[in-house]
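Structure first, commentary second.
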Amino acid sequence: MLYGGVSLSIGPELLRMEPDWKCWRFGSDAFAHRHTNLSQTTGKTTKKKNFLEEPDMSLQIGDSAPDFTANTTEGKIHFYDYIDGHWAVLFSHPKNFTPVCTTELGYTAKLQPEFAKRDVKVIGLSVDQIESHEPWSKDIEETQGTALNFPLIADTDKSIANLYGMIHPNASDTLTVRSVFVIGPDKKVKLTLNYPASTGRNFDEVLRVIDSLQLTAKHQVATPVNWKNGDDVIIVNSVTDEQAKAKYPGGFKTLKPYLRTVAQPQ
Ligand code: BEZ
């Protein structure tokens with residue numbers, strides 16, 4: 001760590017303080033821009049937050065997902081190499097050998113074929129030691145019916161958890177909350193979720209959002225409330241009626257000029 005100069009090394013990443021002391025820089029410029037009020041004296045990547053004093057430091061939709069190198073149950077992984085050209089789900093869980101986490105990891109492992117079908121690489125993160133991942137995986141298999149089948153990061157120095165804002169100091173200084181990041185093939189953040197430690201996430205919902213994101217990426221459509229794969233979708237307003245007629249020869253419904261629906265494109 002180097003003050004007065006210039007850089008604070010956080011694990012494999014380099015967080016750079018610009019010479020005018022106005023901002024930290026890594027990941028996207030937009031992400032750095034939101035850190036402009038971080039004081040040089042803080043010298044930390046997390047601290048108890050006073051909402052009057054600091055802006056939101058979290059990664060936001062549209063930001064570049066920061067790269068990192070990690071120790072995982074499948075060996076050393078360079079994140080950008082791992083996700084290379086694919087969709088990704090990066091999610092944290094607070095602690096090994098705990099009940100909610102055990103059910104979540106077992107269910108996510110069960111969903112692995114669904115993620116693979118959607119070209120999604122899954123990677124979990126724990127701040128616990130790599131040595132405890134293996135025996136815990138056995139417990140997961142025994143109690144949930146499926147062993148871990150995706151890499152689980154051992155982020156013991158919390159560098160990645162801090163990089164992604166997975167530690168919410170007013171909830172816990174030491175454990176991550178239950179964060180989910182869906183990352184597109186362009187390495188941009190497409191979805192962020194943060195759940196408290198006591199509430200297991202709904203990974204079917206994560207799949208549902210991925211279906212919606214992938215439809216939007218492929219066709220110019222959005223998805224309505226409670227949409228499920230196969231339901232009608234919404235034609236976005238940047239598509240004119242003339243374009244919609246050409247695109248959807250089978251027709252579409254106009255409920256209002258700004259609310260047009262069509263059968264889900266394949
Ligand atoms: C759990 O997985 O059950 C859990 C983990 C950390 C805090 C609270 C619950």
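In the structure tokens, chains take the letters A, B, ... in the order shown, each chain's residues start at 1, and ligands count up from 1 in the order shown.
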> Mind listing the residues within 10 Å of ligand 1, only C-alpha atoms and all ligand atoms counted, as a list of chain:residue names?
Replying inline: A:His93, A:Pro94, A:Lys95, A:Asn96, A:Phe97, A:Thr98, A:Pro99, A:Val100, A:Cys101, A:Thr102, A:Thr103, A:Glu104, A:Leu105, A:Ser172, A:Leu175, A:Thr176, A:Val177, A:Arg178, A:Pro196, A:Ala197, A:Ser198, A:Thr199, A:Gly200
> How would you write, as a ChimeraX atom specification, the set of residues in range 85-250 of chain A that DSSP gives as alpha helix (DSSP H)?
Replying inline: /A:99-110,112-117,130-144,159-163,203-218,241-247
Do a neighbour search on Leu152 in chain A at 7 Å with only C-alpha atoms, toss out local chain neighbours closer than 5 positions, and write the hits as a PDB file with N, CA and C atoms, in the first residue's frame.
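After the write, selection-v5.pdb holds the following:
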ATOM      1  N   THR A  72      -9.230 -21.213  -6.586  1.00  0.00           N
ATOM      2  CA  THR A  72     -10.562 -21.826  -6.552  1.00  0.00           C
ATOM      3  C   THR A  72     -10.443 -23.336  -6.380  1.00  0.00           C
ATOM      4  N   THR A  73     -11.577 -23.975  -6.199  1.00  0.00           N
ATOM      5  CA  THR A  73     -11.613 -25.437  -6.088  1.00  0.00           C
ATOM      6  C   THR A  73     -11.176 -26.092  -7.392  1.00  0.00           C
ATOM      7  N   ILE A 123     -19.632 -19.149 -11.150  1.00  0.00           N
ATOM      8  CA  ILE A 123     -18.495 -19.184 -10.226  1.00  0.00           C
ATOM      9  C   ILE A 123     -18.948 -18.614  -8.881  1.00  0.00           C
ATOM     10  N   GLY A 124     -18.699 -19.373  -7.814  1.00  0.00           N
ATOM     11  CA  GLY A 124     -19.087 -18.937  -6.474  1.00  0.00           C
ATOM     12  C   GLY A 124     -17.896 -18.333  -5.740  1.00  0.00           C
ATOM     13  N   LEU A 125     -18.186 -17.612  -4.691  1.00  0.00           N
ATOM     14  CA  LEU A 125     -17.113 -16.983  -3.899  1.00  0.00           C
ATOM     15  C   LEU A 125     -17.408 -17.140  -2.425  1.00  0.00           C
ATOM     16  N   SER A 126     -16.355 -17.540  -1.708  1.00  0.00           N
ATOM     17  CA  SER A 126     -16.454 -17.642  -0.266  1.00  0.00           C
ATOM     18  C   SER A 126     -15.182 -17.028   0.306  1.00  0.00           C
TER      19      SER A 126
END
>> Measuring between only C-alpha atoms, which one of A:Phe150, A:Tyr258, A:Tyr80, A:Trp87 shows the shortest distance to Ile210 in chain A?
In response: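 Result for the nearest residue to Ile210 in chain A: A:Trp87.
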> Quick one: of A:Phe68, A:Thr216, A:Gly106, A:Ala161, who's nearest to Asp139 in chain A, counting only C-alpha atoms?
Replying inline: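 Selected residue with least distance to Asp139 in chain A: A:Gly106.
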>> Which residues are close to Ile61 in chain A, i.e. within 6 Å by only C-alpha atoms, leaving aside same-chain residues fewer than 4 positions away? Reply as a list in words.
In response: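 Close residues of Ile61 in chain A: Val189, Lys190 and Leu191 of chain A.
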Next, dump the selected residues to file, keeping only all heavy atoms, as a PDB file, in the first residue's frame.
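This went into result39.pdb:
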ATOM      1  N   VAL A 189     -21.623  -5.550 -16.359  1.00  0.00           N
ATOM      2  CA  VAL A 189     -22.576  -6.033 -15.350  1.00  0.00           C
ATOM      3  C   VAL A 189     -23.990  -5.829 -15.896  1.00  0.00           C
ATOM      4  O   VAL A 189     -24.356  -4.731 -16.316  1.00  0.00           O
ATOM      5  CB  VAL A 189     -22.395  -5.251 -14.027  1.00  0.00           C
ATOM      6  CG1 VAL A 189     -23.487  -5.623 -13.033  1.00  0.00           C
ATOM      7  CG2 VAL A 189     -21.019  -5.518 -13.447  1.00  0.00           C
ATOM      8  N   LYS A 190     -24.784  -6.920 -15.908  1.00  0.00           N
ATOM      9  CA  LYS A 190     -26.163  -6.858 -16.429  1.00  0.00           C
ATOM     10  C   LYS A 190     -27.194  -6.898 -15.312  1.00  0.00           C
ATOM     11  O   LYS A 190     -28.327  -6.483 -15.490  1.00  0.00           O
ATOM     12  CB  LYS A 190     -26.430  -8.039 -17.378  1.00  0.00           C
ATOM     13  CG  LYS A 190     -25.433  -8.186 -18.510  1.00  0.00           C
ATOM     14  CD  LYS A 190     -25.495  -7.041 -19.500  1.00  0.00           C
ATOM     15  CE  LYS A 190     -24.494  -7.221 -20.627  1.00  0.00           C
ATOM     16  NZ  LYS A 190     -24.407  -6.029 -21.486  1.00  0.00           N
ATOM     17  N   LEU A 191     -26.823  -7.493 -14.187  1.00  0.00           N
ATOM     18  CA  LEU A 191     -27.755  -7.607 -13.050  1.00  0.00           C
ATOM     19  C   LEU A 191     -26.948  -7.639 -11.772  1.00  0.00           C
ATOM     20  O   LEU A 191     -25.890  -8.279 -11.716  1.00  0.00           O
ATOM     21  CB  LEU A 191     -28.561  -8.915 -13.149  1.00  0.00           C
ATOM     22  CG  LEU A 191     -29.375  -9.275 -11.892  1.00  0.00           C
ATOM     23  CD1 LEU A 191     -30.732  -8.594 -11.920  1.00  0.00           C
ATOM     24  CD2 LEU A 191     -29.570 -10.772 -11.744  1.00  0.00           C
TER      25      LEU A 191
END
> Mind pulling up the distance from CA of Asn226 in chain A to CA of Ala65 in chain A?
Replying inline: 27.3 Å
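Using only C-alpha atoms, the smallest distance between any of A:Ile234, A:Lys228, A:Gly62, A:Ala244 and Arg260 in chain A comes from A:Ile234.
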> What lies within 12 Å of Thr240 in chain A using only C-alpha atoms, ignoring chain neighbours under 6 positions off, as a list in words?
Replying inline: Gln220, Ala246, Lys247, Tyr248, Thr254, Pro257, Tyr258, Leu259 and Arg260 of chain A
Create the file for the chosen residues now, containing all heavy atoms and written as a short mmCIF file (atom, residue, chain, number, x, y, z; two decimals), in the first residue's frame.
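Printed below is again.cif as written:
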data_model
loop_
_atom_site.label_atom_id
_atom_site.label_comp_id
_atom_site.auth_asym_id
_atom_site.auth_seq_id
_atom_site.Cartn_x
_atom_site.Cartn_y
_atom_site.Cartn_z
N GLN A 220 -35.00 -7.12 -30.42
CA GLN A 220 -35.26 -5.82 -29.77
C GLN A 220 -36.55 -5.89 -28.96
O GLN A 220 -37.56 -5.27 -29.32
CB GLN A 220 -35.33 -4.72 -30.83
CG GLN A 220 -33.97 -4.40 -31.40
CD GLN A 220 -34.09 -3.46 -32.58
OE1 GLN A 220 -34.63 -3.81 -33.62
NE2 GLN A 220 -33.60 -2.24 -32.40
N ALA A 246 -42.67 -5.45 -40.43
CA ALA A 246 -41.72 -6.22 -41.25
C ALA A 246 -41.09 -7.35 -40.44
O ALA A 246 -40.90 -8.47 -40.92
CB ALA A 246 -40.64 -5.28 -41.78
N LYS A 247 -40.83 -7.04 -39.19
CA LYS A 247 -40.14 -8.00 -38.32
C LYS A 247 -41.07 -9.14 -37.87
O LYS A 247 -40.63 -10.26 -37.67
CB LYS A 247 -39.66 -7.22 -37.07
CG LYS A 247 -38.34 -7.66 -36.48
CD LYS A 247 -37.91 -6.59 -35.48
CE LYS A 247 -37.10 -7.10 -34.36
NZ LYS A 247 -35.73 -7.36 -34.56
N TYR A 248 -42.33 -8.81 -37.66
CA TYR A 248 -43.29 -9.79 -37.14
C TYR A 248 -44.46 -9.95 -38.11
O TYR A 248 -45.56 -9.44 -37.86
CB TYR A 248 -43.78 -9.36 -35.74
CG TYR A 248 -42.66 -9.11 -34.77
CD1 TYR A 248 -42.38 -7.82 -34.31
CD2 TYR A 248 -41.85 -10.16 -34.32
CE1 TYR A 248 -41.32 -7.59 -33.42
CE2 TYR A 248 -40.80 -9.93 -33.45
CZ TYR A 248 -40.54 -8.65 -33.00
OH TYR A 248 -39.51 -8.42 -32.15
N THR A 254 -51.32 -4.03 -30.35
CA THR A 254 -51.05 -2.67 -29.87
C THR A 254 -52.11 -2.33 -28.83
O THR A 254 -53.27 -2.11 -29.17
CB THR A 254 -51.09 -1.66 -31.03
OG1 THR A 254 -50.13 -2.07 -32.01
CG2 THR A 254 -50.75 -0.26 -30.55
N PRO A 257 -50.00 3.01 -28.06
CA PRO A 257 -48.88 3.18 -28.99
C PRO A 257 -47.54 2.81 -28.34
O PRO A 257 -46.62 2.35 -29.02
CB PRO A 257 -48.93 4.66 -29.34
CG PRO A 257 -50.34 5.07 -29.05
CD PRO A 257 -50.84 4.19 -27.94
N TYR A 258 -47.44 2.96 -27.01
CA TYR A 258 -46.18 2.64 -26.33
C TYR A 258 -46.17 1.24 -25.72
O TYR A 258 -45.19 0.85 -25.08
CB TYR A 258 -45.91 3.69 -25.22
CG TYR A 258 -46.99 3.75 -24.16
CD1 TYR A 258 -46.99 2.87 -23.09
CD2 TYR A 258 -48.02 4.68 -24.25
CE1 TYR A 258 -48.00 2.91 -22.14
CE2 TYR A 258 -49.02 4.73 -23.31
CZ TYR A 258 -49.01 3.84 -22.25
OH TYR A 258 -50.00 3.88 -21.31
N LEU A 259 -47.26 0.50 -25.89
CA LEU A 259 -47.34 -0.85 -25.30
C LEU A 259 -47.80 -1.85 -26.36
O LEU A 259 -48.99 -2.03 -26.61
CB LEU A 259 -48.32 -0.83 -24.10
CG LEU A 259 -48.60 -2.15 -23.39
CD1 LEU A 259 -47.32 -2.86 -22.96
CD2 LEU A 259 -49.50 -1.91 -22.17
N ARG A 260 -46.78 -2.46 -27.00
CA ARG A 260 -47.06 -3.43 -28.07
C ARG A 260 -46.44 -4.77 -27.68
O ARG A 260 -45.30 -4.82 -27.23
CB ARG A 260 -46.45 -2.93 -29.39
CG ARG A 260 -47.03 -1.61 -29.88
CD ARG A 260 -46.15 -1.00 -30.96
NE ARG A 260 -44.83 -0.73 -30.47
CZ ARG A 260 -43.77 -0.43 -31.24
NH1 ARG A 260 -43.91 -0.35 -32.54
NH2 ARG A 260 -42.61 -0.18 -30.71
#
> Ala88 in chain A: which residues within 7 Å, counting only C-alpha atoms, same-chain residues fewer than 2 positions away excluded, as a ChimeraX atom specification?
Replying inline: /A:83,86,90,120-122,182-184
Would you mind exporting all heavy atoms of the selected residues as a PDB file, in the first residue's frame?
ATOM      1  N   ILE A  83     -14.350 -16.470 -18.197  1.00  0.00           N
ATOM      2  CA  ILE A  83     -15.667 -16.144 -18.769  1.00  0.00           C
ATOM      3  C   ILE A  83     -15.575 -15.860 -20.265  1.00  0.00           C
ATOM      4  O   ILE A  83     -16.619 -15.787 -20.932  1.00  0.00           O
ATOM      5  CB  ILE A  83     -16.352 -14.952 -18.042  1.00  0.00           C
ATOM      6  CG1 ILE A  83     -15.569 -13.638 -18.220  1.00  0.00           C
ATOM      7  CG2 ILE A  83     -16.532 -15.262 -16.588  1.00  0.00           C
ATOM      8  CD1 ILE A  83     -16.296 -12.439 -17.622  1.00  0.00           C
ATOM      9  N   HIS A  86     -18.357 -15.672 -22.836  1.00  0.00           N
ATOM     10  CA  HIS A  86     -19.578 -16.325 -22.347  1.00  0.00           C
ATOM     11  C   HIS A  86     -20.320 -15.372 -21.400  1.00  0.00           C
ATOM     12  O   HIS A  86     -19.783 -14.363 -20.965  1.00  0.00           O
ATOM     13  CB  HIS A  86     -19.239 -17.604 -21.567  1.00  0.00           C
ATOM     14  CG  HIS A  86     -18.479 -18.609 -22.376  1.00  0.00           C
ATOM     15  ND1 HIS A  86     -19.077 -19.576 -23.142  1.00  0.00           N
ATOM     16  CD2 HIS A  86     -17.149 -18.783 -22.540  1.00  0.00           C
ATOM     17  CE1 HIS A  86     -18.179 -20.303 -23.748  1.00  0.00           C
ATOM     18  NE2 HIS A  86     -16.980 -19.848 -23.399  1.00  0.00           N
ATOM     19  N   LEU A  90     -21.470 -14.594 -11.122  1.00  0.00           N
ATOM     20  CA  LEU A  90     -20.541 -14.594  -9.984  1.00  0.00           C
ATOM     21  C   LEU A  90     -21.379 -14.339  -8.742  1.00  0.00           C
ATOM     22  O   LEU A  90     -22.105 -13.342  -8.691  1.00  0.00           O
ATOM     23  CB  LEU A  90     -19.498 -13.476 -10.172  1.00  0.00           C
ATOM     24  CG  LEU A  90     -18.628 -13.113  -8.965  1.00  0.00           C
ATOM     25  CD1 LEU A  90     -17.704 -14.269  -8.577  1.00  0.00           C
ATOM     26  CD2 LEU A  90     -17.791 -11.865  -9.255  1.00  0.00           C
ATOM     27  N   VAL A 120     -23.804 -20.008 -19.838  1.00  0.00           N
ATOM     28  CA  VAL A 120     -23.435 -19.224 -18.656  1.00  0.00           C
ATOM     29  C   VAL A 120     -22.395 -19.987 -17.839  1.00  0.00           C
ATOM     30  O   VAL A 120     -22.620 -21.156 -17.493  1.00  0.00           O
ATOM     31  CB  VAL A 120     -24.674 -18.944 -17.761  1.00  0.00           C
ATOM     32  CG1 VAL A 120     -24.269 -18.147 -16.532  1.00  0.00           C
ATOM     33  CG2 VAL A 120     -25.757 -18.214 -18.543  1.00  0.00           C
ATOM     34  N   LYS A 121     -21.284 -19.333 -17.526  1.00  0.00           N
ATOM     35  CA  LYS A 121     -20.280 -19.914 -16.633  1.00  0.00           C
ATOM     36  C   LYS A 121     -20.596 -19.442 -15.212  1.00  0.00           C
ATOM     37  O   LYS A 121     -20.716 -18.231 -14.976  1.00  0.00           O
ATOM     38  CB  LYS A 121     -18.874 -19.427 -17.021  1.00  0.00           C
ATOM     39  CG  LYS A 121     -18.514 -19.622 -18.474  1.00  0.00           C
ATOM     40  CD  LYS A 121     -18.123 -21.051 -18.811  1.00  0.00           C
ATOM     41  CE  LYS A 121     -16.828 -21.532 -18.276  1.00  0.00           C
ATOM     42  NZ  LYS A 121     -15.668 -21.250 -19.092  1.00  0.00           N
ATOM     43  N   VAL A 122     -20.709 -20.381 -14.301  1.00  0.00           N
ATOM     44  CA  VAL A 122     -21.038 -20.038 -12.907  1.00  0.00           C
ATOM     45  C   VAL A 122     -19.775 -20.089 -12.071  1.00  0.00           C
ATOM     46  O   VAL A 122     -18.928 -20.973 -12.257  1.00  0.00           O
ATOM     47  CB  VAL A 122     -22.078 -21.037 -12.348  1.00  0.00           C
ATOM     48  CG1 VAL A 122     -22.340 -20.780 -10.870  1.00  0.00           C
ATOM     49  CG2 VAL A 122     -23.373 -20.951 -13.135  1.00  0.00           C
ATOM     50  N   VAL A 182     -24.732 -10.886 -12.667  1.00  0.00           N
ATOM     51  CA  VAL A 182     -24.801 -11.503 -14.002  1.00  0.00           C
ATOM     52  C   VAL A 182     -23.978 -10.603 -14.910  1.00  0.00           C
ATOM     53  O   VAL A 182     -24.149  -9.381 -14.920  1.00  0.00           O
ATOM     54  CB  VAL A 182     -26.251 -11.628 -14.505  1.00  0.00           C
ATOM     55  CG1 VAL A 182     -26.274 -12.149 -15.947  1.00  0.00           C
ATOM     56  CG2 VAL A 182     -27.060 -12.565 -13.603  1.00  0.00           C
ATOM     57  N   ILE A 183     -23.060 -11.219 -15.637  1.00  0.00           N
ATOM     58  CA  ILE A 183     -22.113 -10.483 -16.474  1.00  0.00           C
ATOM     59  C   ILE A 183     -22.263 -10.970 -17.915  1.00  0.00           C
ATOM     60  O   ILE A 183     -22.354 -12.181 -18.161  1.00  0.00           O
ATOM     61  CB  ILE A 183     -20.679 -10.692 -15.931  1.00  0.00           C
ATOM     62  CG1 ILE A 183     -20.592 -10.087 -14.516  1.00  0.00           C
ATOM     63  CG2 ILE A 183     -19.625 -10.068 -16.854  1.00  0.00           C
ATOM     64  CD1 ILE A 183     -19.506 -10.640 -13.655  1.00  0.00           C
ATOM     65  N   GLY A 184     -22.335 -10.033 -18.842  1.00  0.00           N
ATOM     66  CA  GLY A 184     -22.529 -10.395 -20.254  1.00  0.00           C
ATOM     67  C   GLY A 184     -21.228 -10.753 -20.934  1.00  0.00           C
ATOM     68  O   GLY A 184     -20.140 -10.541 -20.384  1.00  0.00           O
TER      69      GLY A 184
END
> Can you tell me how far CA of Thr223 in chain A sits from CA of Asn237 in chain A, in Å to one decimal?
Replying inline: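 CA of Thr223 in chain A sits 12.8 Å away from CA of Asn237 in chain A.
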> Could you name the residues that touch Ala147 in chain A at 7 Å or less, counting only C-alpha atoms, but leaving out those on the same chain fewer than 3 positions away, as a ChimeraX atom specification?
Replying inline: /A:106,109,137-138,140-141
>> Ranking A:Asp63, A:Asp211, A:Asp155, A:Asp231 by minimum distance to Ile77 in chain A and counting only C-alpha atoms, which one comes first?
In response: A:Asp155
>> From a backbone DSSP assignment, name each residue in range 137-222 of chain A labelled strand (DSSP E or B), as a list of chain:residue names.
In response: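 Taking range 137-222 of chain A and keeping strand (DSSP E or B) gives A:Leu152, A:Ile153, A:Ala154, A:Arg178, A:Ser179, A:Val180, A:Phe181, A:Val182, A:Ile183, A:Lys188, A:Val189, A:Lys190, A:Leu191, A:Thr192, A:Leu193, A:Asn194, A:Tyr195, A:Val221, A:Ala222.
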Filtering to N, CA, C and O atoms, could you give me those residues as a PDB file, in the first residue's frame?
ATOM      1  N   LEU A 152     -15.394 -22.726  -6.883  1.00  0.00           N
ATOM      2  CA  LEU A 152     -15.710 -21.898  -5.718  1.00  0.00           C
ATOM      3  C   LEU A 152     -14.420 -21.193  -5.297  1.00  0.00           C
ATOM      4  O   LEU A 152     -13.417 -21.840  -4.978  1.00  0.00           O
ATOM      5  N   ILE A 153     -14.459 -19.879  -5.331  1.00  0.00           N
ATOM      6  CA  ILE A 153     -13.277 -19.069  -5.000  1.00  0.00           C
ATOM      7  C   ILE A 153     -13.047 -19.084  -3.489  1.00  0.00           C
ATOM      8  O   ILE A 153     -14.003 -18.992  -2.714  1.00  0.00           O
ATOM      9  N   ALA A 154     -11.776 -19.196  -3.089  1.00  0.00           N
ATOM     10  CA  ALA A 154     -11.410 -19.017  -1.679  1.00  0.00           C
ATOM     11  C   ALA A 154     -10.788 -17.625  -1.571  1.00  0.00           C
ATOM     12  O   ALA A 154      -9.597 -17.446  -1.803  1.00  0.00           O
ATOM     13  N   ARG A 178     -25.219 -11.977   0.436  1.00  0.00           N
ATOM     14  CA  ARG A 178     -25.467 -12.881  -0.704  1.00  0.00           C
ATOM     15  C   ARG A 178     -25.616 -12.040  -1.964  1.00  0.00           C
ATOM     16  O   ARG A 178     -26.700 -11.577  -2.284  1.00  0.00           O
ATOM     17  N   SER A 179     -24.503 -11.822  -2.648  1.00  0.00           N
ATOM     18  CA  SER A 179     -24.516 -11.011  -3.875  1.00  0.00           C
ATOM     19  C   SER A 179     -24.588 -11.908  -5.099  1.00  0.00           C
ATOM     20  O   SER A 179     -24.063 -13.023  -5.093  1.00  0.00           O
ATOM     21  N   VAL A 180     -25.214 -11.399  -6.136  1.00  0.00           N
ATOM     22  CA  VAL A 180     -25.209 -12.070  -7.456  1.00  0.00           C
ATOM     23  C   VAL A 180     -24.883 -11.015  -8.501  1.00  0.00           C
ATOM     24  O   VAL A 180     -25.470  -9.922  -8.489  1.00  0.00           O
ATOM     25  N   PHE A 181     -23.946 -11.330  -9.376  1.00  0.00           N
ATOM     26  CA  PHE A 181     -23.658 -10.479 -10.535  1.00  0.00           C
ATOM     27  C   PHE A 181     -23.855 -11.333 -11.779  1.00  0.00           C
ATOM     28  O   PHE A 181     -23.219 -12.382 -11.916  1.00  0.00           O
ATOM     29  N   VAL A 182     -24.732 -10.886 -12.667  1.00  0.00           N
ATOM     30  CA  VAL A 182     -24.801 -11.503 -14.002  1.00  0.00           C
ATOM     31  C   VAL A 182     -23.978 -10.603 -14.910  1.00  0.00           C
ATOM     32  O   VAL A 182     -24.149  -9.381 -14.920  1.00  0.00           O
ATOM     33  N   ILE A 183     -23.060 -11.219 -15.637  1.00  0.00           N
ATOM     34  CA  ILE A 183     -22.113 -10.483 -16.474  1.00  0.00           C
ATOM     35  C   ILE A 183     -22.263 -10.970 -17.915  1.00  0.00           C
ATOM     36  O   ILE A 183     -22.354 -12.181 -18.161  1.00  0.00           O
ATOM     37  N   LYS A 188     -19.721  -6.626 -19.201  1.00  0.00           N
ATOM     38  CA  LYS A 188     -20.443  -5.580 -18.464  1.00  0.00           C
ATOM     39  C   LYS A 188     -21.420  -6.236 -17.481  1.00  0.00           C
ATOM     40  O   LYS A 188     -21.987  -7.307 -17.768  1.00  0.00           O
ATOM     41  N   VAL A 189     -21.623  -5.550 -16.359  1.00  0.00           N
ATOM     42  CA  VAL A 189     -22.576  -6.033 -15.350  1.00  0.00           C
ATOM     43  C   VAL A 189     -23.990  -5.829 -15.896  1.00  0.00           C
ATOM     44  O   VAL A 189     -24.356  -4.731 -16.316  1.00  0.00           O
ATOM     45  N   LYS A 190     -24.784  -6.920 -15.908  1.00  0.00           N
ATOM     46  CA  LYS A 190     -26.163  -6.858 -16.429  1.00  0.00           C
ATOM     47  C   LYS A 190     -27.194  -6.898 -15.312  1.00  0.00           C
ATOM     48  O   LYS A 190     -28.327  -6.483 -15.490  1.00  0.00           O
ATOM     49  N   LEU A 191     -26.823  -7.493 -14.187  1.00  0.00           N
ATOM     50  CA  LEU A 191     -27.755  -7.607 -13.050  1.00  0.00           C
ATOM     51  C   LEU A 191     -26.948  -7.639 -11.772  1.00  0.00           C
ATOM     52  O   LEU A 191     -25.890  -8.279 -11.716  1.00  0.00           O
ATOM     53  N   THR A 192     -27.435  -6.937 -10.740  1.00  0.00           N
ATOM     54  CA  THR A 192     -26.845  -7.088  -9.406  1.00  0.00           C
ATOM     55  C   THR A 192     -27.981  -7.407  -8.435  1.00  0.00           C
ATOM     56  O   THR A 192     -29.084  -6.883  -8.572  1.00  0.00           O
ATOM     57  N   LEU A 193     -27.701  -8.298  -7.512  1.00  0.00           N
ATOM     58  CA  LEU A 193     -28.662  -8.622  -6.450  1.00  0.00           C
ATOM     59  C   LEU A 193     -27.895  -8.699  -5.146  1.00  0.00           C
ATOM     60  O   LEU A 193     -26.767  -9.197  -5.130  1.00  0.00           O
ATOM     61  N   ASN A 194     -28.468  -8.235  -4.072  1.00  0.00           N
ATOM     62  CA  ASN A 194     -27.863  -8.406  -2.744  1.00  0.00           C
ATOM     63  C   ASN A 194     -28.940  -8.855  -1.771  1.00  0.00           C
ATOM     64  O   ASN A 194     -29.949  -8.163  -1.606  1.00  0.00           O
ATOM     65  N   TYR A 195     -28.740 -10.029  -1.185  1.00  0.00           N
ATOM     66  CA  TYR A 195     -29.681 -10.558  -0.206  1.00  0.00           C
ATOM     67  C   TYR A 195     -28.970 -10.654   1.143  1.00  0.00           C
ATOM     68  O   TYR A 195     -27.752 -10.884   1.195  1.00  0.00           O
ATOM     69  N   VAL A 221     -36.505  -6.683 -27.899  1.00  0.00           N
ATOM     70  CA  VAL A 221     -37.705  -6.844 -27.070  1.00  0.00           C
ATOM     71  C   VAL A 221     -37.353  -6.683 -25.590  1.00  0.00           C
ATOM     72  O   VAL A 221     -36.199  -6.845 -25.191  1.00  0.00           O
ATOM     73  N   ALA A 222     -38.399  -6.352 -24.820  1.00  0.00           N
ATOM     74  CA  ALA A 222     -38.277  -6.309 -23.358  1.00  0.00           C
ATOM     75  C   ALA A 222     -39.277  -7.326 -22.809  1.00  0.00           C
ATOM     76  O   ALA A 222     -40.098  -7.862 -23.565  1.00  0.00           O
TER      77      ALA A 222
END
